[in-house]
Every structure is written in structure tokens, then in C-alpha cells.
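Here the structure is laid out as C-alpha cells; the discussion comes afterwards.
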Amino acid sequence: RSLDIPLVLSREPCPEDAKWAVLPAAISALKWLVLNPAMRLYKWNQVYKARTKELARLQDAYQKALNMQKLLKPYAEQAVQQEEQQPGGGLVIISAIYGCLESSVPEQRQELQAAAASSTMKADSGSFLTTSMHPLSFDVTIPCQTMVKGSLLILPKGTKAKLDGFYDPDPMQLEPKYLSIRYRYKKAVYDCKYKNEELVELPNSAHTVSLNLHGSAE
């Protein structure tokens with residue numbers, strides 16, 4: 001971030017000219033040092049209040065999604081076994097996280113990025129980013145694995161919140177939602193991220209390879 005200060009050069013100093021030369025710099029400094037931080041704080045407070053109002057309903061939806069995942073877990077484990085028996089190795093979902101993975105609120109951005117990068121986040125671990133005591137992202141590894149058919153995962157266009165084992169952690173639409181997936185196919189591990197409404201198709205050769213045959217980072 002930079003701050004530009006205009007300078008007016010003159011052979012003969014003029015108090016009137018100096019005043020107008022300094023005024024734009026003063027206004028710019030006021031906006032940069034005072035107004036912008038105040039606006040960010042105001043936006044964060046509005047986000048916090050909106051989510052707090054929805055807390056009870058969100059916790060209920062969260063619990064229903066957890067209960068559905070418990071029912072789906074045996075099918076996910078069976079799907080993993082079937083995929084691992086495919087020649088060369090089929091499609092195995094290592095981790096899948098759904099929710100607010102990119103924040104427009106600067107104070108949240110670093111923590112959101114760390115949450116998206118973590119492959120150890122589990123739906124029942126309580127290790128999620130939280131706002132108003134509620135997670136903004138949700139582990140959906142189990143339901144994604146159950147939807148793998150013949151080494152393919154295809155999720156149609158439209159919000160993913162309505163899929164079995166999913167739920168909407170931010171129905172107020174205060175932050176964009178994504179589905180971030182790390183998966184293993186054949187002899188490589190891939191990373192990908194889809195916007196909430198996008199068509200999801202795995203595997204895809206365009207996805208980032210994070211691990212090769214020998215287990216070394218690309």
C-alpha cells in the first residue's frame with residue numbers, strides 16, 4: 001500500500017499556493033489513516049451482528065448436516081475401497097471444504113486462507129474459523145466421496161448447500177462461498193477450488209498437481 005503526496009515547486013514561495021498544495025495530501029492521509037480503517041471496522045460489526053441473529057438456525061442446520069454425514073460415512077469408506085482397487089488408483093477425496101474461504105473483511109482473510117489450506121479440518125473437530133461462535137466453513141469430504149461414481153465426481157451447477165451432508169454456513173450471502181477439494185487420482189494429488197454455483201468435474205487435468213508419483217511437491 002502506498003500514499004501519493006503531490007508537490008508543487010516554485011521559485012517564489014506563496015502561502016496561498018502552499019495551502020492548496022498541502023490540502024490534497026492531507027485529505028488523502030485522512031482517508032488512508034482514519035476513514036478506511038473505520039469503514040472496515042463498521043463492515044465487520046455489521047457482518048458480526050447479521051450472523052449472530054441467525055445463530056440458532058445455523059447451528060440447527062449444522063447439526064443436521066453432521067448427522068447426515070454420520071449416515072453417509074460407511075458408504076464413503078466403501079467408495080474409497082472401491083476406488084483404490086481401480087487399476088492405477090481411482091478417485092479418492094482427501095479433503096473437501098465448503099463455505100467462506102475468501103473474505104472481503106481484511107481481519108478474516110489470513111485465517112480463512114489458513115483454514116482452506118488445512119487438510120486436517122474435520123466436521124466434528126471444532127477447528128473451523130468461527131464468527132459469532134459458528135463455523136464459516138464446513139468439512140464435506142464424506143459426502144463428496146459418496147458421490148464419486150466410476151472414478152468421477154460431478155456436482156451440477158447451482159448452490160452446493162442443498163446436497164446431502166452439506167449446509168449453507170452463511171445464508172445471508174455476506175461472503176462468497178467456494179468448494180475447495182484436494183483429491184488423489186492415479187499417481188498424483190490435485191488441488192482445485194470452485195465457486196459455489198459452478199459445475200464441479202473431477203478429475204480434471206487442468207487442476208493443480210500438488211504431489212507427484214514420488215510424493216514430492218511440484
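Here's how to read the names in the C-alpha cells: chain A, B, ... by the order shown, residue numbers from 1 in each chain, ligand numbers from 1 in the order shown.
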So that I can check the surroundings of A:Lys73, please list as a PDB file with N, CA and C atoms, in the first residue's frame every protein, DNA and RNA residue that reaches within 10 Å of it, counting only C-alpha atoms and ignoring chain neighbours fewer than 3 positions away.
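Contents of around36.pdb, as written:
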```pdb
ATOM      1  N   MET A  68     -26.281 -36.249   8.939  1.00  0.00           N
ATOM      2  CA  MET A  68     -26.318 -36.873   7.621  1.00  0.00           C
ATOM      3  C   MET A  68     -24.955 -37.462   7.276  1.00  0.00           C
ATOM      4  N   GLN A  69     -23.889 -36.770   7.626  1.00  0.00           N
ATOM      5  CA  GLN A  69     -22.551 -37.283   7.330  1.00  0.00           C
ATOM      6  C   GLN A  69     -22.254 -38.570   8.099  1.00  0.00           C
ATOM      7  N   LYS A  70     -22.783 -38.688   9.308  1.00  0.00           N
ATOM      8  CA  LYS A  70     -22.596 -39.918  10.072  1.00  0.00           C
ATOM      9  C   LYS A  70     -23.260 -41.100   9.356  1.00  0.00           C
ATOM     10  N   ALA A  76     -19.054 -43.796   2.259  1.00  0.00           N
ATOM     11  CA  ALA A  76     -17.827 -43.128   1.817  1.00  0.00           C
ATOM     12  C   ALA A  76     -16.632 -44.059   1.953  1.00  0.00           C
ATOM     13  N   GLU A  77     -16.564 -44.791   3.054  1.00  0.00           N
ATOM     14  CA  GLU A  77     -15.456 -45.730   3.267  1.00  0.00           C
ATOM     15  C   GLU A  77     -15.476 -46.842   2.221  1.00  0.00           C
ATOM     16  N   GLN A  78     -16.666 -47.308   1.892  1.00  0.00           N
ATOM     17  CA  GLN A  78     -16.796 -48.333   0.857  1.00  0.00           C
ATOM     18  C   GLN A  78     -16.368 -47.792  -0.503  1.00  0.00           C
ATOM     19  N   ALA A  79     -16.735 -46.535  -0.777  1.00  0.00           N
ATOM     20  CA  ALA A  79     -16.358 -45.905  -2.050  1.00  0.00           C
ATOM     21  C   ALA A  79     -14.848 -45.759  -2.157  1.00  0.00           C
ATOM     22  N   THR A 141     -15.871 -33.760   3.060  1.00  0.00           N
ATOM     23  CA  THR A 141     -15.126 -34.857   2.447  1.00  0.00           C
ATOM     24  C   THR A 141     -16.002 -36.100   2.290  1.00  0.00           C
ATOM     25  N   ILE A 142     -16.738 -36.433   3.337  1.00  0.00           N
ATOM     26  CA  ILE A 142     -17.565 -37.645   3.320  1.00  0.00           C
ATOM     27  C   ILE A 142     -18.626 -37.601   2.222  1.00  0.00           C
ATOM     28  N   PRO A 143     -19.482 -36.567   2.177  1.00  0.00           N
ATOM     29  CA  PRO A 143     -20.490 -36.565   1.110  1.00  0.00           C
ATOM     30  C   PRO A 143     -19.899 -36.512  -0.297  1.00  0.00           C
ATOM     31  N   GLN A 145     -17.111 -37.895  -1.285  1.00  0.00           N
ATOM     32  CA  GLN A 145     -16.638 -39.238  -1.635  1.00  0.00           C
ATOM     33  C   GLN A 145     -17.795 -40.163  -1.984  1.00  0.00           C
ATOM     34  N   THR A 146     -18.917 -40.037  -1.292  1.00  0.00           N
ATOM     35  CA  THR A 146     -20.061 -40.904  -1.594  1.00  0.00           C
ATOM     36  C   THR A 146     -20.640 -40.618  -2.980  1.00  0.00           C
TER      37      THR A 146
END
```
Would you list the contacts of A:Pro169 as a VMD selection string, taking every protein, DNA or RNA residue within 7 Å and counting only C-alpha atoms, but skipping same-chain residues closer than 6 positions in sequence?
chain A and resid 58 99 135 to 137
Identify which of the residues A:Glu102, A:Ala96, A:Phe138, A:Leu155 lies closest to A:Arg182, counting only C-alpha atoms when measuring atom-to-atom distances.
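When distances to A:Arg182 are compared using only C-alpha atoms, the smallest one comes from A:Ala96.
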Within 9 Å of A:Val92 using only C-alpha atoms, minus same-chain residues under 4 positions, as a PyMOL selection string:
chain A and resi 79-80+83-84+145+148+151+182-185
Please indicate the distance in Å from atom CA of A:Tyr194 to atom CA of A:Arg57, rounded to one decimal place.
26.0 Å
